[in-house]
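A quick write-up on the structure given underneath.
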Number of protein chains: 2
Amino acid sequence: MNYNLNTTLLLISTSLNILFLLFVILIISRKGGIFYIKNKILTIGKKNIQNNLNINSYYKHKKSQFEILPRSNDYIVFLGDSITDEGEWVELLGNSNIVNRGISGDTTRRILNRLDAIVRIKPKQIFIMVGINDFVNEKKSIEEVLSQYKIILEELQAQTPQTQVFLQSVLPVNNNLTYIFEDNQKLIQFNSRLQKLAAQFNYQYIDVFSSLADAENQLDARYTTDGLHLNGKAYLVWKDVVKKYVALTFSSVYKEENSLYN
Amino acid sequence: MNYNLNTTLLLISTSLNILFLLFVILIISRKGGIFYIKNKILTIGKKNIQNNLNINSYYKHKKSQFEILPRSNDYIVFLGDSITDEGEWVELLGNSNIVNRGISGDTTRRILNRLDAIVRIKPKQIFIMVGINDFVNEKKSIEEVLSQYKIILEELQAQTPQTQVFLQSVLPVNNNLTYIFEDNQKLIQFNSRLQKLAAQFNYQYIDVFSSLADAENQLDARYTTDGLHLNGKAYLVWKDVVKKYVALTFSSVYKEENSLYN
């Protein structure tokens, strides 16, 4: 009796084992088979995550577009990651000299990897905001991000010394909506170091963080759906913070003056 | 002996099953727990996929931004999905009246859901390209996509009759790189129907497909990394196709004339 029960149980249990195994094989094959496993193994460990630029098609396509677009010394470059990428800066600021050089997912290292196409413009101004993905995706320390950031600034100062460079603070995230960090203390510390770095280079530091944070230093829930990216209202706030630094064009002066009469 | 072996095997087998079960629970909880399962169940079946607008944070954020940006009747709107979204149209065409109203992932239904913010502009021109995600993500038939497309056009004609509307063909994909379709015949048929639809509304149809296709009607591998989205070279080709339809601005005429002397 006990013997038969054991045999039956064994049969059920091993059948379940086989089913589970088939399920895992199915999932892996749907995700790309042996290449998926190979890729997973290659990206195991912090060191590998750190060294992987994680360059996807979107990055490649945008980078190649940025490399072939016309250039002008009048350009005002907005350089950064997804939150720069997603802003309609020309429209927000009513300034047709602005060009968007944001790429979703960018880190300091990914920007360094495409800085040539920015430097070559020798633009009038650059507004840079980057760093959050270094922390979120690459698990970097503040020191590591700052040392990469410094290389970007050194490149800019050496290659396009006439350009006015503005270092924008990274923005708060909302950890109730995203669970990225325990709190935003690391971001606050990073911004404080960034301000000092800007001073070393005689570049202007712009605090956008404070204007988008709530009383608990979280990204205000009014400004986001996912806790990380920004809605229209948030871009209006950001626009108001940077507005006074953005060089006016003939057309923006014209619009500004005429809007007084509207 | 046999009895003991059975017991041992049973122990191993049930342990493995428990491990597998814990693993599945871990994966599900990392993906969002009970909400993930609920959502998966809700999206099972073609009907549900079709009815789900699949609106993500990116869509919500962009839509809310589009709703608060300034409006002008001089605007030239590029309306569509990711491949419109990713183009730097102002720079490509040297025309500061252009505004980008592309949202990655958009379908005819997702565009209908945000058409108010387009219609409200009452722009000079609209260049629309949409449909590929209806086929790829929603598994729609040509008839289904066309009937949605027609509603968009009816809305435009009714709400902003002064606007010149241009229907751009959908682009080929490269099925060697993406494995989306067996071939691009469905897209070619769709474009042919789109051309007729444009004629019904007295709108201009623009064939961009042919300029980006290779001899096998695949998206030319020179123009893409992933078989679906476009690199810089492709945008230059696309730009050359639409250029003659885009209304000139004072500044673009000025630039064009001056470039003759460069």
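Here's how to read the names in the structure tokens: chain A, B, ... by the order shown, residue numbers from 1 in each chain, ligand numbers from 1 in the order shown.
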
Return chain A as a PDB file with C-alpha atoms, in the first residue's frame, after superposing it on chain B by a least-squares fit that covers all C-alpha atoms paired in order.
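The file below, out-v7.pdb, is the result:
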```pdb
ATOM      1  CA  MET A   1      15.637  -1.943  -3.439  1.00  0.00           C
ATOM      2  CA  ASN A   2      13.194  -0.842  -6.129  1.00  0.00           C
ATOM      3  CA  TYR A   3      10.959   0.524  -3.411  1.00  0.00           C
ATOM      4  CA  ASN A   4      13.802   2.563  -1.897  1.00  0.00           C
ATOM      5  CA  LEU A   5      14.919   3.807  -5.293  1.00  0.00           C
ATOM      6  CA  ASN A   6      11.394   4.945  -6.038  1.00  0.00           C
ATOM      7  CA  THR A   7      11.231   6.785  -2.724  1.00  0.00           C
ATOM      8  CA  THR A   8      14.563   8.522  -3.379  1.00  0.00           C
ATOM      9  CA  LEU A   9      13.534   9.483  -6.890  1.00  0.00           C
ATOM     10  CA  LEU A  10      10.232  10.771  -5.566  1.00  0.00           C
ATOM     11  CA  LEU A  11      12.055  12.877  -3.011  1.00  0.00           C
ATOM     12  CA  ILE A  12      14.332  14.399  -5.657  1.00  0.00           C
ATOM     13  CA  SER A  13      11.521  14.940  -8.078  1.00  0.00           C
ATOM     14  CA  THR A  14       9.167  16.611  -5.595  1.00  0.00           C
ATOM     15  CA  SER A  15      12.043  18.775  -4.342  1.00  0.00           C
ATOM     16  CA  LEU A  16      12.548  19.880  -7.933  1.00  0.00           C
ATOM     17  CA  ASN A  17       8.794  20.557  -8.152  1.00  0.00           C
ATOM     18  CA  ILE A  18       8.979  22.762  -5.101  1.00  0.00           C
ATOM     19  CA  LEU A  19      12.071  24.572  -6.406  1.00  0.00           C
ATOM     20  CA  PHE A  20      10.362  25.241  -9.739  1.00  0.00           C
ATOM     21  CA  LEU A  21       7.259  26.483  -7.931  1.00  0.00           C
ATOM     22  CA  LEU A  22       9.332  28.844  -5.760  1.00  0.00           C
ATOM     23  CA  PHE A  23      11.079  30.069  -8.908  1.00  0.00           C
ATOM     24  CA  VAL A  24       7.761  30.838 -10.630  1.00  0.00           C
ATOM     25  CA  ILE A  25       6.486  32.626  -7.486  1.00  0.00           C
ATOM     26  CA  LEU A  26       9.701  34.653  -7.351  1.00  0.00           C
ATOM     27  CA  ILE A  27       9.419  35.678 -11.017  1.00  0.00           C
ATOM     28  CA  ILE A  28       5.754  36.635 -10.683  1.00  0.00           C
ATOM     29  CA  SER A  29       6.321  38.615  -7.500  1.00  0.00           C
ATOM     30  CA  ARG A  30       9.218  40.478  -9.157  1.00  0.00           C
ATOM     31  CA  LYS A  31       6.951  41.341 -12.063  1.00  0.00           C
ATOM     32  CA  GLY A  32       4.331  42.849  -9.754  1.00  0.00           C
ATOM     33  CA  GLY A  33       2.657  39.900  -8.027  1.00  0.00           C
ATOM     34  CA  ILE A  34      -1.084  39.470  -8.183  1.00  0.00           C
ATOM     35  CA  PHE A  35      -1.509  42.602 -10.346  1.00  0.00           C
ATOM     36  CA  TYR A  36       0.730  41.076 -13.002  1.00  0.00           C
ATOM     37  CA  ILE A  37      -1.379  37.924 -13.133  1.00  0.00           C
ATOM     38  CA  LYS A  38      -4.610  39.915 -13.143  1.00  0.00           C
ATOM     39  CA  ASN A  39      -3.323  42.088 -15.976  1.00  0.00           C
ATOM     40  CA  LYS A  40      -2.146  39.040 -17.937  1.00  0.00           C
ATOM     41  CA  ILE A  41      -5.564  37.419 -17.583  1.00  0.00           C
ATOM     42  CA  LEU A  42      -7.286  40.657 -18.624  1.00  0.00           C
ATOM     43  CA  THR A  43      -5.215  40.924 -21.792  1.00  0.00           C
ATOM     44  CA  ILE A  44      -5.649  37.294 -22.859  1.00  0.00           C
ATOM     45  CA  GLY A  45      -7.484  36.860 -26.126  1.00  0.00           C
ATOM     46  CA  LYS A  46      -7.406  38.873 -29.306  1.00  0.00           C
ATOM     47  CA  LYS A  47     -10.543  40.847 -28.491  1.00  0.00           C
ATOM     48  CA  ASN A  48      -8.995  42.192 -25.326  1.00  0.00           C
ATOM     49  CA  ILE A  49      -5.725  43.090 -27.003  1.00  0.00           C
ATOM     50  CA  GLN A  50      -7.699  44.909 -29.671  1.00  0.00           C
ATOM     51  CA  ASN A  51      -9.747  46.914 -27.218  1.00  0.00           C
ATOM     52  CA  ASN A  52      -6.861  47.839 -24.988  1.00  0.00           C
ATOM     53  CA  LEU A  53      -5.471  51.243 -26.035  1.00  0.00           C
ATOM     54  CA  ASN A  54      -2.347  50.248 -24.097  1.00  0.00           C
ATOM     55  CA  ILE A  55      -1.857  53.787 -22.874  1.00  0.00           C
ATOM     56  CA  ASN A  56       1.368  54.129 -20.916  1.00  0.00           C
ATOM     57  CA  SER A  57       2.948  56.999 -18.974  1.00  0.00           C
ATOM     58  CA  TYR A  58       4.852  58.154 -22.044  1.00  0.00           C
ATOM     59  CA  TYR A  59       1.601  58.578 -23.967  1.00  0.00           C
ATOM     60  CA  LYS A  60      -0.113  60.344 -21.059  1.00  0.00           C
ATOM     61  CA  HIS A  61       2.795  62.721 -20.509  1.00  0.00           C
ATOM     62  CA  LYS A  62       3.217  63.596 -24.199  1.00  0.00           C
ATOM     63  CA  LYS A  63      -0.540  64.006 -24.688  1.00  0.00           C
ATOM     64  CA  SER A  64      -0.734  66.405 -21.743  1.00  0.00           C
ATOM     65  CA  GLN A  65       2.217  68.374 -23.111  1.00  0.00           C
ATOM     66  CA  PHE A  66       0.632  68.594 -26.579  1.00  0.00           C
ATOM     67  CA  GLU A  67      -2.518  69.949 -24.948  1.00  0.00           C
ATOM     68  CA  ILE A  68      -0.780  72.904 -23.294  1.00  0.00           C
ATOM     69  CA  LEU A  69       1.647  73.993 -26.019  1.00  0.00           C
ATOM     70  CA  PRO A  70       0.978  77.246 -27.919  1.00  0.00           C
ATOM     71  CA  ARG A  71      -0.946  76.934 -31.185  1.00  0.00           C
ATOM     72  CA  SER A  72      -0.473  78.526 -34.592  1.00  0.00           C
ATOM     73  CA  ASN A  73      -2.302  78.204 -37.919  1.00  0.00           C
ATOM     74  CA  ASP A  74       1.115  78.262 -39.575  1.00  0.00           C
ATOM     75  CA  TYR A  75       2.055  74.974 -37.945  1.00  0.00           C
ATOM     76  CA  ILE A  76       2.938  71.953 -40.022  1.00  0.00           C
ATOM     77  CA  VAL A  77       2.120  68.879 -37.954  1.00  0.00           C
ATOM     78  CA  PHE A  78       3.975  65.592 -38.257  1.00  0.00           C
ATOM     79  CA  LEU A  79       1.533  63.102 -36.728  1.00  0.00           C
ATOM     80  CA  GLY A  80       2.264  59.450 -36.067  1.00  0.00           C
ATOM     81  CA  ASP A  81       3.996  56.791 -34.011  1.00  0.00           C
ATOM     82  CA  SER A  82       7.622  56.175 -32.954  1.00  0.00           C
ATOM     83  CA  ILE A  83       9.187  56.735 -36.368  1.00  0.00           C
ATOM     84  CA  THR A  84       7.549  60.151 -36.599  1.00  0.00           C
ATOM     85  CA  ASP A  85       8.363  60.795 -32.925  1.00  0.00           C
ATOM     86  CA  GLU A  86      12.061  60.048 -33.406  1.00  0.00           C
ATOM     87  CA  GLY A  87      12.577  62.376 -36.388  1.00  0.00           C
ATOM     88  CA  GLU A  88      14.043  65.861 -35.833  1.00  0.00           C
ATOM     89  CA  TRP A  89      11.742  67.315 -38.474  1.00  0.00           C
ATOM     90  CA  VAL A  90      12.429  71.015 -37.890  1.00  0.00           C
ATOM     91  CA  GLU A  91      16.127  70.375 -38.428  1.00  0.00           C
ATOM     92  CA  LEU A  92      15.743  67.838 -41.227  1.00  0.00           C
ATOM     93  CA  LEU A  93      13.566  70.166 -43.276  1.00  0.00           C
ATOM     94  CA  GLY A  94      15.006  73.467 -42.020  1.00  0.00           C
ATOM     95  CA  ASN A  95      11.474  74.609 -41.287  1.00  0.00           C
ATOM     96  CA  SER A  96      10.617  76.114 -37.915  1.00  0.00           C
ATOM     97  CA  ASN A  97       6.856  75.876 -38.474  1.00  0.00           C
ATOM     98  CA  ILE A  98       7.013  72.122 -38.100  1.00  0.00           C
ATOM     99  CA  VAL A  99       5.811  70.564 -34.848  1.00  0.00           C
ATOM    100  CA  ASN A 100       6.310  66.917 -33.953  1.00  0.00           C
ATOM    101  CA  ARG A 101       3.169  65.157 -32.773  1.00  0.00           C
ATOM    102  CA  GLY A 102       4.474  61.623 -32.904  1.00  0.00           C
ATOM    103  CA  ILE A 103       4.060  59.312 -29.920  1.00  0.00           C
ATOM    104  CA  SER A 104       5.973  56.068 -29.765  1.00  0.00           C
ATOM    105  CA  GLY A 105       3.623  53.078 -29.931  1.00  0.00           C
ATOM    106  CA  ASP A 106       0.715  54.957 -31.446  1.00  0.00           C
ATOM    107  CA  THR A 107      -2.041  53.234 -33.382  1.00  0.00           C
ATOM    108  CA  THR A 108      -4.969  54.724 -35.289  1.00  0.00           C
ATOM    109  CA  ARG A 109      -7.078  54.379 -32.138  1.00  0.00           C
ATOM    110  CA  ARG A 110      -4.503  56.012 -29.882  1.00  0.00           C
ATOM    111  CA  ILE A 111      -4.289  58.924 -32.335  1.00  0.00           C
ATOM    112  CA  LEU A 112      -8.074  59.250 -32.398  1.00  0.00           C
ATOM    113  CA  ASN A 113      -7.916  59.434 -28.611  1.00  0.00           C
ATOM    114  CA  ARG A 114      -5.678  62.532 -28.812  1.00  0.00           C
ATOM    115  CA  LEU A 115      -6.871  64.085 -32.058  1.00  0.00           C
ATOM    116  CA  ASP A 116      -8.544  67.022 -30.270  1.00  0.00           C
ATOM    117  CA  ALA A 117      -5.171  68.609 -29.487  1.00  0.00           C
ATOM    118  CA  ILE A 118      -4.249  68.361 -33.196  1.00  0.00           C
ATOM    119  CA  VAL A 119      -7.553  69.599 -34.575  1.00  0.00           C
ATOM    120  CA  ARG A 120      -7.556  72.562 -32.203  1.00  0.00           C
ATOM    121  CA  ILE A 121      -4.355  73.892 -33.827  1.00  0.00           C
ATOM    122  CA  LYS A 122      -6.119  74.149 -37.202  1.00  0.00           C
ATOM    123  CA  PRO A 123      -2.670  73.820 -38.732  1.00  0.00           C
ATOM    124  CA  LYS A 124      -1.634  74.640 -42.274  1.00  0.00           C
ATOM    125  CA  GLN A 125      -0.635  71.047 -43.004  1.00  0.00           C
ATOM    126  CA  ILE A 126      -0.698  67.615 -41.404  1.00  0.00           C
ATOM    127  CA  PHE A 127       1.605  64.791 -42.468  1.00  0.00           C
ATOM    128  CA  ILE A 128       0.267  61.577 -41.000  1.00  0.00           C
ATOM    129  CA  MET A 129       1.892  58.151 -40.858  1.00  0.00           C
ATOM    130  CA  VAL A 130       0.259  55.456 -38.747  1.00  0.00           C
ATOM    131  CA  GLY A 131      -0.894  51.860 -38.970  1.00  0.00           C
ATOM    132  CA  ILE A 132       2.096  49.621 -38.401  1.00  0.00           C
ATOM    133  CA  ASN A 133       1.416  49.249 -34.655  1.00  0.00           C
ATOM    134  CA  ASP A 134      -2.206  48.391 -35.405  1.00  0.00           C
ATOM    135  CA  PHE A 135      -0.858  45.337 -37.212  1.00  0.00           C
ATOM    136  CA  VAL A 136       2.067  44.517 -34.925  1.00  0.00           C
ATOM    137  CA  ASN A 137       0.640  45.192 -31.460  1.00  0.00           C
ATOM    138  CA  GLU A 138      -3.100  44.843 -31.981  1.00  0.00           C
ATOM    139  CA  LYS A 139      -3.155  42.146 -34.695  1.00  0.00           C
ATOM    140  CA  LYS A 140      -5.753  44.127 -36.641  1.00  0.00           C
ATOM    141  CA  SER A 141      -6.926  43.329 -40.136  1.00  0.00           C
ATOM    142  CA  ILE A 142      -6.444  45.787 -43.005  1.00  0.00           C
ATOM    143  CA  GLU A 143     -10.181  46.541 -42.972  1.00  0.00           C
ATOM    144  CA  GLU A 144     -10.160  47.298 -39.260  1.00  0.00           C
ATOM    145  CA  VAL A 145      -7.212  49.693 -39.534  1.00  0.00           C
ATOM    146  CA  LEU A 146      -8.697  51.438 -42.554  1.00  0.00           C
ATOM    147  CA  SER A 147     -12.011  51.990 -40.811  1.00  0.00           C
ATOM    148  CA  GLN A 148     -10.208  53.664 -37.871  1.00  0.00           C
ATOM    149  CA  TYR A 149      -8.037  55.659 -40.280  1.00  0.00           C
ATOM    150  CA  LYS A 150     -11.188  56.854 -42.049  1.00  0.00           C
ATOM    151  CA  ILE A 151     -12.609  58.183 -38.778  1.00  0.00           C
ATOM    152  CA  ILE A 152      -9.417  60.209 -38.259  1.00  0.00           C
ATOM    153  CA  LEU A 153      -9.760  61.719 -41.747  1.00  0.00           C
ATOM    154  CA  GLU A 154     -13.465  62.439 -41.267  1.00  0.00           C
ATOM    155  CA  GLU A 155     -12.643  64.254 -38.028  1.00  0.00           C
ATOM    156  CA  LEU A 156      -9.927  66.295 -39.732  1.00  0.00           C
ATOM    157  CA  GLN A 157     -12.120  67.181 -42.696  1.00  0.00           C
ATOM    158  CA  ALA A 158     -15.007  68.204 -40.436  1.00  0.00           C
ATOM    159  CA  GLN A 159     -13.055  70.040 -37.750  1.00  0.00           C
ATOM    160  CA  THR A 160     -10.259  71.701 -39.712  1.00  0.00           C
ATOM    161  CA  PRO A 161     -11.302  71.795 -43.376  1.00  0.00           C
ATOM    162  CA  GLN A 162      -8.620  74.354 -44.352  1.00  0.00           C
ATOM    163  CA  THR A 163      -5.783  72.022 -43.377  1.00  0.00           C
ATOM    164  CA  GLN A 164      -3.883  70.261 -46.164  1.00  0.00           C
ATOM    165  CA  VAL A 165      -3.639  66.627 -45.108  1.00  0.00           C
ATOM    166  CA  PHE A 166      -1.003  64.242 -46.447  1.00  0.00           C
ATOM    167  CA  LEU A 167      -1.340  60.486 -45.986  1.00  0.00           C
ATOM    168  CA  GLN A 168       2.092  58.910 -45.888  1.00  0.00           C
ATOM    169  CA  SER A 169       2.415  55.205 -46.666  1.00  0.00           C
ATOM    170  CA  VAL A 170       3.449  52.954 -43.812  1.00  0.00           C
ATOM    171  CA  LEU A 171       7.091  51.937 -44.130  1.00  0.00           C
ATOM    172  CA  PRO A 172       8.469  48.472 -44.801  1.00  0.00           C
ATOM    173  CA  VAL A 173       9.920  46.531 -41.896  1.00  0.00           C
ATOM    174  CA  ASN A 174      12.908  44.221 -42.241  1.00  0.00           C
ATOM    175  CA  ASN A 175      11.648  40.748 -41.383  1.00  0.00           C
ATOM    176  CA  ASN A 176      15.146  39.314 -41.324  1.00  0.00           C
ATOM    177  CA  LEU A 177      15.899  41.590 -38.387  1.00  0.00           C
ATOM    178  CA  THR A 178      12.537  41.619 -36.594  1.00  0.00           C
ATOM    179  CA  TYR A 179      10.505  38.509 -37.559  1.00  0.00           C
ATOM    180  CA  ILE A 180       7.287  40.557 -37.400  1.00  0.00           C
ATOM    181  CA  PHE A 181       5.687  39.343 -40.611  1.00  0.00           C
ATOM    182  CA  GLU A 182       6.343  36.521 -43.028  1.00  0.00           C
ATOM    183  CA  ASP A 183       6.763  39.242 -45.672  1.00  0.00           C
ATOM    184  CA  ASN A 184       5.545  42.819 -46.178  1.00  0.00           C
ATOM    185  CA  GLN A 185       2.620  41.953 -48.459  1.00  0.00           C
ATOM    186  CA  LYS A 186       0.071  43.073 -45.872  1.00  0.00           C
ATOM    187  CA  LEU A 187       1.778  46.485 -45.645  1.00  0.00           C
ATOM    188  CA  ILE A 188       1.855  46.817 -49.437  1.00  0.00           C
ATOM    189  CA  GLN A 189      -1.857  45.987 -49.634  1.00  0.00           C
ATOM    190  CA  PHE A 190      -2.593  48.434 -46.841  1.00  0.00           C
ATOM    191  CA  ASN A 191      -0.702  51.224 -48.631  1.00  0.00           C
ATOM    192  CA  SER A 192      -2.576  50.556 -51.835  1.00  0.00           C
ATOM    193  CA  ARG A 193      -5.882  50.893 -49.940  1.00  0.00           C
ATOM    194  CA  LEU A 194      -4.575  53.995 -48.182  1.00  0.00           C
ATOM    195  CA  GLN A 195      -3.891  55.641 -51.521  1.00  0.00           C
ATOM    196  CA  LYS A 196      -7.539  55.067 -52.511  1.00  0.00           C
ATOM    197  CA  LEU A 197      -8.723  56.379 -49.151  1.00  0.00           C
ATOM    198  CA  ALA A 198      -6.684  59.560 -49.655  1.00  0.00           C
ATOM    199  CA  ALA A 199      -8.290  60.068 -53.069  1.00  0.00           C
ATOM    200  CA  GLN A 200     -11.774  59.764 -51.522  1.00  0.00           C
ATOM    201  CA  PHE A 201     -10.936  62.671 -49.233  1.00  0.00           C
ATOM    202  CA  ASN A 202      -9.065  64.676 -51.874  1.00  0.00           C
ATOM    203  CA  TYR A 203      -5.953  64.361 -49.730  1.00  0.00           C
ATOM    204  CA  GLN A 204      -2.469  63.769 -51.128  1.00  0.00           C
ATOM    205  CA  TYR A 205      -0.977  60.285 -50.724  1.00  0.00           C
ATOM    206  CA  ILE A 206       2.806  60.084 -50.353  1.00  0.00           C
ATOM    207  CA  ASP A 207       4.701  56.863 -51.014  1.00  0.00           C
ATOM    208  CA  VAL A 208       7.642  56.732 -48.621  1.00  0.00           C
ATOM    209  CA  PHE A 209       7.657  52.899 -48.570  1.00  0.00           C
ATOM    210  CA  SER A 210       9.345  52.503 -51.974  1.00  0.00           C
ATOM    211  CA  SER A 211      12.230  54.813 -51.137  1.00  0.00           C
ATOM    212  CA  LEU A 212      13.194  52.856 -48.036  1.00  0.00           C
ATOM    213  CA  ALA A 213      12.587  49.331 -49.373  1.00  0.00           C
ATOM    214  CA  ASP A 214      15.190  47.018 -50.869  1.00  0.00           C
ATOM    215  CA  ALA A 215      14.614  44.751 -53.889  1.00  0.00           C
ATOM    216  CA  GLU A 216      12.701  42.251 -51.698  1.00  0.00           C
ATOM    217  CA  ASN A 217      10.401  44.988 -50.316  1.00  0.00           C
ATOM    218  CA  GLN A 218      12.123  44.758 -46.941  1.00  0.00           C
ATOM    219  CA  LEU A 219      13.212  47.857 -45.029  1.00  0.00           C
ATOM    220  CA  ASP A 220      16.714  48.284 -46.427  1.00  0.00           C
ATOM    221  CA  ALA A 221      19.216  47.065 -43.827  1.00  0.00           C
ATOM    222  CA  ARG A 222      21.278  50.229 -44.422  1.00  0.00           C
ATOM    223  CA  TYR A 223      18.501  52.232 -42.790  1.00  0.00           C
ATOM    224  CA  THR A 224      17.873  50.361 -39.544  1.00  0.00           C
ATOM    225  CA  THR A 225      19.404  48.552 -36.612  1.00  0.00           C
ATOM    226  CA  ASP A 226      16.308  46.772 -35.313  1.00  0.00           C
ATOM    227  CA  GLY A 227      14.399  46.267 -38.562  1.00  0.00           C
ATOM    228  CA  LEU A 228      11.570  48.617 -37.579  1.00  0.00           C
ATOM    229  CA  HIS A 229      12.968  52.007 -36.546  1.00  0.00           C
ATOM    230  CA  LEU A 230      15.157  54.337 -38.587  1.00  0.00           C
ATOM    231  CA  ASN A 231      18.680  55.716 -38.486  1.00  0.00           C
ATOM    232  CA  GLY A 232      19.821  59.143 -39.662  1.00  0.00           C
ATOM    233  CA  LYS A 233      20.326  58.064 -43.286  1.00  0.00           C
ATOM    234  CA  ALA A 234      16.732  56.860 -43.467  1.00  0.00           C
ATOM    235  CA  TYR A 235      15.430  60.202 -42.216  1.00  0.00           C
ATOM    236  CA  LEU A 236      17.387  61.977 -44.949  1.00  0.00           C
ATOM    237  CA  VAL A 237      15.664  59.786 -47.549  1.00  0.00           C
ATOM    238  CA  TRP A 238      12.228  60.332 -45.991  1.00  0.00           C
ATOM    239  CA  LYS A 239      12.911  64.071 -45.815  1.00  0.00           C
ATOM    240  CA  ASP A 240      13.733  64.147 -49.519  1.00  0.00           C
ATOM    241  CA  VAL A 241      10.426  62.444 -50.343  1.00  0.00           C
ATOM    242  CA  VAL A 242       8.184  64.830 -48.345  1.00  0.00           C
ATOM    243  CA  LYS A 243      10.202  68.002 -48.940  1.00  0.00           C
ATOM    244  CA  LYS A 244       8.310  69.170 -52.017  1.00  0.00           C
ATOM    245  CA  TYR A 245       4.979  68.994 -50.177  1.00  0.00           C
ATOM    246  CA  VAL A 246       6.024  70.922 -47.070  1.00  0.00           C
ATOM    247  CA  ALA A 247       4.883  74.550 -47.138  1.00  0.00           C
ATOM    248  CA  LEU A 248       7.823  76.926 -47.123  1.00  0.00           C
ATOM    249  CA  THR A 249       8.274  79.506 -44.379  1.00  0.00           C
ATOM    250  CA  PHE A 250       9.946  82.862 -44.747  1.00  0.00           C
ATOM    251  CA  SER A 251      13.011  81.510 -42.970  1.00  0.00           C
ATOM    252  CA  SER A 252      13.176  78.316 -45.013  1.00  0.00           C
ATOM    253  CA  VAL A 253      12.953  80.305 -48.279  1.00  0.00           C
ATOM    254  CA  TYR A 254      15.665  82.593 -46.944  1.00  0.00           C
ATOM    255  CA  LYS A 255      17.877  79.644 -46.021  1.00  0.00           C
ATOM    256  CA  GLU A 256      17.257  77.938 -49.339  1.00  0.00           C
ATOM    257  CA  GLU A 257      18.156  81.060 -51.335  1.00  0.00           C
ATOM    258  CA  ASN A 258      21.243  81.761 -49.290  1.00  0.00           C
ATOM    259  CA  SER A 259      22.468  78.202 -49.489  1.00  0.00           C
ATOM    260  CA  LEU A 260      22.835  78.729 -53.255  1.00  0.00           C
ATOM    261  CA  TYR A 261      25.732  81.029 -52.527  1.00  0.00           C
ATOM    262  CA  ASN A 262      27.455  78.733 -50.063  1.00  0.00           C
TER     263      ASN A 262
END
```

- [ ] DSSP on the backbone, then: every residue of region 10-211 of chain A marked alpha helix (DSSP H), written as a count of residues only.
- [x] 112
